[in-house]
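Engineer: Got structure.cif for you, mmCIF, C-alpha atoms:
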data_data
loop_
_atom_site.group_PDB
_atom_site.id
_atom_site.type_symbol
_atom_site.label_atom_id
_atom_site.label_comp_id
_atom_site.auth_asym_id
_atom_site.auth_seq_id
_atom_site.Cartn_x
_atom_site.Cartn_y
_atom_site.Cartn_z
ATOM 1 C CA MET P 191 24.493 24.257 -39.892
ATOM 2 C CA LYS P 192 21.305 24.171 -37.776
ATOM 3 C CA HIS P 193 20.074 21.185 -39.763
ATOM 4 C CA VAL P 194 23.308 19.281 -39.168
ATOM 5 C CA LYS P 195 23.128 19.877 -35.401
ATOM 6 C CA PHE P 196 19.479 18.827 -35.343
ATOM 7 C CA PHE P 197 20.261 15.696 -37.376
ATOM 8 C CA LEU P 198 23.148 14.756 -35.068
ATOM 9 C CA MET P 199 21.013 15.246 -31.952
ATOM 10 C CA ALA P 200 18.224 13.121 -33.444
ATOM 11 C CA LEU P 201 20.744 10.405 -34.344
ATOM 12 C CA ILE P 202 22.191 10.402 -30.822
ATOM 13 C CA CYS P 203 18.696 10.124 -29.319
ATOM 14 C CA LEU P 204 17.837 7.243 -31.628
ATOM 15 C CA MET P 205 21.042 5.384 -30.836
ATOM 16 C CA THR P 206 20.539 5.885 -27.100
ATOM 17 C CA SER P 207 16.992 4.562 -27.356
ATOM 18 C CA VAL P 208 18.102 1.483 -29.284
ATOM 19 C CA ALA P 209 20.949 0.867 -26.838
ATOM 20 C CA CYS P 210 18.611 1.075 -23.835
ATOM 21 C CA ASN P 211 16.139 -1.367 -25.377
ATOM 22 C CA ALA P 212 18.970 -3.746 -26.239
ATOM 23 C CA ASP P 213 19.388 -4.401 -22.509
ATOM 24 C CA ASP P 214 15.960 -6.102 -22.349
ATOM 25 C CA LYS P 215 16.233 -9.867 -22.517
ATOM 26 C CA MET P 216 13.651 -12.606 -22.163
ATOM 27 C CA ILE P 217 14.538 -15.094 -19.457
ATOM 28 C CA PRO P 218 13.099 -18.381 -18.213
ATOM 29 C CA VAL P 219 10.766 -17.985 -15.233
ATOM 30 C CA GLU P 220 13.256 -19.973 -13.151
ATOM 31 C CA LYS P 221 15.756 -17.093 -13.487
ATOM 32 C CA LEU P 222 13.463 -14.619 -11.693
ATOM 33 C CA PRO P 223 14.428 -13.763 -8.120
ATOM 34 C CA ALA P 224 12.776 -16.102 -5.631
ATOM 35 C CA ALA P 225 10.995 -13.151 -4.016
ATOM 36 C CA ALA P 226 9.309 -12.288 -7.334
ATOM 37 C CA LYS P 227 8.133 -15.859 -7.915
ATOM 38 C CA ASP P 228 6.872 -16.121 -4.320
ATOM 39 C CA TYR P 229 5.072 -12.790 -4.677
ATOM 40 C CA VAL P 230 3.187 -13.968 -7.779
ATOM 41 C CA LYS P 231 2.201 -17.226 -6.052
ATOM 42 C CA GLN P 232 0.960 -15.358 -2.975
ATOM 43 C CA GLU P 233 -0.843 -12.397 -4.572
ATOM 44 C CA PHE P 234 -2.031 -14.037 -7.799
ATOM 45 C CA PRO P 235 -2.744 -17.663 -6.852
ATOM 46 C CA GLY P 236 -3.503 -19.888 -9.796
ATOM 47 C CA LYS P 237 -2.125 -17.356 -12.315
ATOM 48 C CA LYS P 238 0.727 -18.492 -14.517
ATOM 49 C CA ILE P 239 3.720 -16.386 -15.545
ATOM 50 C CA ILE P 240 3.794 -16.554 -19.339
ATOM 51 C CA PHE P 241 6.586 -14.045 -19.958
ATOM 52 C CA ALA P 242 9.633 -12.925 -17.992
ATOM 53 C CA GLN P 243 12.176 -10.317 -18.957
ATOM 54 C CA VAL P 244 15.221 -8.727 -17.365
ATOM 55 C CA ASP P 245 16.341 -5.181 -18.094
ATOM 56 C CA ARG P 246 19.988 -4.574 -17.325
ATOM 57 C CA GLY P 247 19.849 -0.825 -17.880
ATOM 58 C CA LEU P 248 20.898 1.642 -15.185
ATOM 59 C CA LYS P 249 19.166 -0.504 -12.576
ATOM 60 C CA LYS P 250 18.511 -4.191 -13.060
ATOM 61 C CA THR P 251 14.738 -4.776 -13.163
ATOM 62 C CA TYR P 252 12.390 -7.583 -14.081
ATOM 63 C CA GLU P 253 9.045 -7.582 -15.848
ATOM 64 C CA VAL P 254 6.575 -10.437 -15.906
ATOM 65 C CA ARG P 255 3.247 -10.937 -17.596
ATOM 66 C CA LEU P 256 0.627 -13.312 -16.281
ATOM 67 C CA GLY P 257 -1.817 -15.354 -18.334
ATOM 68 C CA ASP P 258 -4.657 -12.898 -17.608
ATOM 69 C CA GLY P 259 -2.635 -9.954 -19.003
ATOM 70 C CA THR P 260 -1.461 -8.577 -15.655
ATOM 71 C CA GLU P 261 1.976 -6.952 -15.858
ATOM 72 C CA ILE P 262 4.264 -6.731 -12.837
ATOM 73 C CA ASP P 263 7.600 -4.924 -12.576
ATOM 74 C CA PHE P 264 10.122 -5.941 -9.916
ATOM 75 C CA ASN P 265 13.377 -4.429 -8.713
ATOM 76 C CA LYS P 266 16.607 -6.460 -8.712
ATOM 77 C CA LYS P 267 15.699 -8.051 -5.363
ATOM 78 C CA GLY P 268 12.305 -9.223 -6.626
ATOM 79 C CA VAL P 269 10.219 -6.611 -4.781
ATOM 80 C CA TRP P 270 7.271 -5.305 -6.817
ATOM 81 C CA ASP P 271 7.471 -1.783 -8.178
ATOM 82 C CA LYS P 272 4.424 -1.624 -10.449
ATOM 83 C CA VAL P 273 1.364 -3.822 -10.910
ATOM 84 C CA ASP P 274 -1.006 -3.275 -13.831
ATOM 85 C CA CYS P 275 -4.057 -5.554 -13.820
ATOM 86 C CA LYS P 276 -5.590 -3.775 -16.856
ATOM 87 C CA LYS P 277 -9.350 -4.039 -16.134
ATOM 88 C CA THR P 278 -9.419 -6.032 -12.891
ATOM 89 C CA ALA P 279 -8.601 -4.794 -9.391
ATOM 90 C CA VAL P 280 -5.089 -5.024 -8.006
ATOM 91 C CA PRO P 281 -4.886 -7.054 -4.794
ATOM 92 C CA ASN P 282 -5.917 -4.951 -1.781
ATOM 93 C CA SER P 283 -2.751 -5.990 0.026
ATOM 94 C CA LEU P 284 -0.735 -3.758 -2.350
ATOM 95 C CA VAL P 285 -2.714 -0.598 -1.686
ATOM 96 C CA PRO P 286 -2.219 1.344 1.543
ATOM 97 C CA VAL P 287 -5.430 1.528 3.592
ATOM 98 C CA ALA P 288 -5.581 5.346 3.400
ATOM 99 C CA ILE P 289 -5.597 5.157 -0.412
ATOM 100 C CA GLN P 290 -8.222 2.403 -0.417
ATOM 101 C CA ASP P 291 -10.417 4.520 1.857
ATOM 102 C CA TYR P 292 -10.028 7.621 -0.327
ATOM 103 C CA VAL P 293 -10.985 5.716 -3.464
ATOM 104 C CA LYS P 294 -13.997 4.071 -1.755
ATOM 105 C CA GLN P 295 -15.246 7.438 -0.472
ATOM 106 C CA ASN P 296 -14.742 9.396 -3.685
ATOM 107 C CA PHE P 297 -14.974 6.837 -6.508
ATOM 108 C CA ALA P 298 -17.159 4.059 -5.114
ATOM 109 C CA ASP P 299 -17.837 2.511 -8.539
ATOM 110 C CA ALA P 300 -14.173 2.462 -9.646
ATOM 111 C CA LEU P 301 -11.556 -0.229 -9.166
ATOM 112 C CA ILE P 302 -7.855 0.365 -8.616
ATOM 113 C CA VAL P 303 -6.418 -1.370 -11.684
ATOM 114 C CA LYS P 304 -2.822 -0.133 -11.537
ATOM 115 C CA ILE P 305 -0.417 0.873 -8.772
ATOM 116 C CA ASP P 306 3.077 2.231 -9.262
ATOM 117 C CA LYS P 307 5.509 2.980 -6.432
ATOM 118 C CA GLU P 308 7.260 6.318 -6.842
ATOM 119 C CA ARG P 309 9.787 8.177 -4.691
ATOM 120 C CA TYR P 310 7.050 10.519 -3.471
ATOM 121 C CA GLY P 311 4.440 7.817 -2.888
ATOM 122 C CA TYR P 312 2.090 6.063 -5.314
ATOM 123 C CA ASP P 313 0.534 6.545 -8.736
ATOM 124 C CA ILE P 314 -2.860 4.867 -8.924
ATOM 125 C CA GLU P 315 -4.988 4.283 -12.025
ATOM 126 C CA LEU P 316 -8.704 3.646 -11.651
ATOM 127 C CA SER P 317 -11.000 1.651 -13.923
ATOM 128 C CA ASN P 318 -12.591 4.959 -15.009
ATOM 129 C CA ASP P 319 -9.164 5.999 -16.458
ATOM 130 C CA LEU P 320 -8.556 8.568 -13.722
ATOM 131 C CA GLU P 321 -4.985 8.735 -12.425
ATOM 132 C CA LEU P 322 -4.379 9.718 -8.816
ATOM 133 C CA LYS P 323 -1.100 10.572 -7.092
ATOM 134 C CA PHE P 324 -0.652 10.002 -3.375
ATOM 135 C CA ASN P 325 2.222 10.776 -1.018
ATOM 136 C CA THR P 326 3.696 8.099 1.235
ATOM 137 C CA SER P 327 1.099 8.959 3.914
ATOM 138 C CA GLY P 328 -1.741 8.171 1.519
ATOM 139 C CA GLN P 329 -2.808 11.790 1.014
ATOM 140 C CA LEU P 330 -3.927 12.857 -2.460
ATOM 141 C CA ILE P 331 -1.366 15.192 -4.057
ATOM 142 C CA GLY P 332 -2.434 15.183 -7.713
ATOM 143 C CA MET P 333 -4.948 13.975 -10.264
ATOM 144 C CA ASP P 334 -4.962 13.437 -14.052
ATOM 145 C CA ASP P 335 -7.830 12.400 -16.279
#
Can the structure in the file be given as structure tokens, please?
Structural biologist:
Amino acid sequence: MKHVKFFLMALICLMTSVACNADDKMIPVEKLPAAAKDYVKQEFPGKKIIFAQVDRGLKKTYEVRLGDGTEIDFNKKGVWDKVDCKKTAVPNSLVPVAIQDYVKQNFADALIVKIDKERYGYDIELSNDLELKFNTSGQLIGMDD
């Protein structure tokens, strides 16, 4: 009986996962919200969007990938939620000054390569693979390596 319950739970999890991923759909760049397209032009001048996708899960979101590998997630209004530049620095305009100052003072040789807005503040990833968590005031609240 335990095995049957376990099997059913695993099957439900698998079906839920497949159903969630089924909501992802590639779209033409023209279908992105204007705010998202304008944001890419302003913050990543000269970079081309090579991939656009909409996720119509619980909340409608968009994901784009630029020619240099940068990935950007947007909410339904086209406002950025996460920017992952992989090995290059995210634009300074995305990072609150208090966070920039903390990173410069404590990790002078590291670049901020990823920023993710969270309810509590920001998740930051550095080029040295260190992950930092900041509250909305820019104060460090956690660290992962």
Engineer: Could you tell me how far atom CA of P:Lys304 lies from atom CA of P:Asp258, in Å and to one decimal?
Structural biologist: 14.3 Å
Engineer: Show me, as a tab-separated table, the residues of stretch 217-251 of chain P having an atom within 9 Å of stretch 263-287 of chain P, each with the closest atom pair and its distance in Å, using all atoms listed in the file.
Structural biologist:
residue	atom	partner	partner_atom	distance
P:Leu222	CA	P:Gly268	CA	7.5
P:Pro223	CA	P:Gly268	CA	5.2
P:Ala224	CA	P:Gly268	CA	7.0
P:Ala225	CA	P:Gly268	CA	4.9
P:Ala226	CA	P:Gly268	CA	4.3
P:Lys227	CA	P:Gly268	CA	7.9
P:Tyr229	CA	P:Val269	CA	8.0
P:Glu233	CA	P:Pro281	CA	6.7
P:Phe234	CA	P:Pro281	CA	8.1
P:Lys249	CA	P:Lys266	CA	7.5
P:Lys250	CA	P:Lys266	CA	5.3
P:Thr251	CA	P:Asn265	CA	4.7
Engineer: If the PyMOL selection byres ((chain P and resi 288-290) around 9) is run on the structure shown, which residues does it catch, given as a list of chain:residue names?
Structural biologist: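 For this structure, the PyMOL selection byres ((chain P and resi 288-290) around 9) resolves to P:Asn282, P:Val285, P:Pro286, P:Val287, P:Asp291, P:Tyr292, P:Val293, P:Lys294, P:Gln295, P:Ile302, P:Ile314, P:Phe324, P:Ser327, P:Gly328, P:Gln329, P:Leu330.
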Engineer: Evaluate the PyMOL selection byres ((chain P and resi 245) around 9) here and jot the selected residues down as a PyMOL selection string.
Structural biologist: chain P and resi 210-216+243-244+246-253
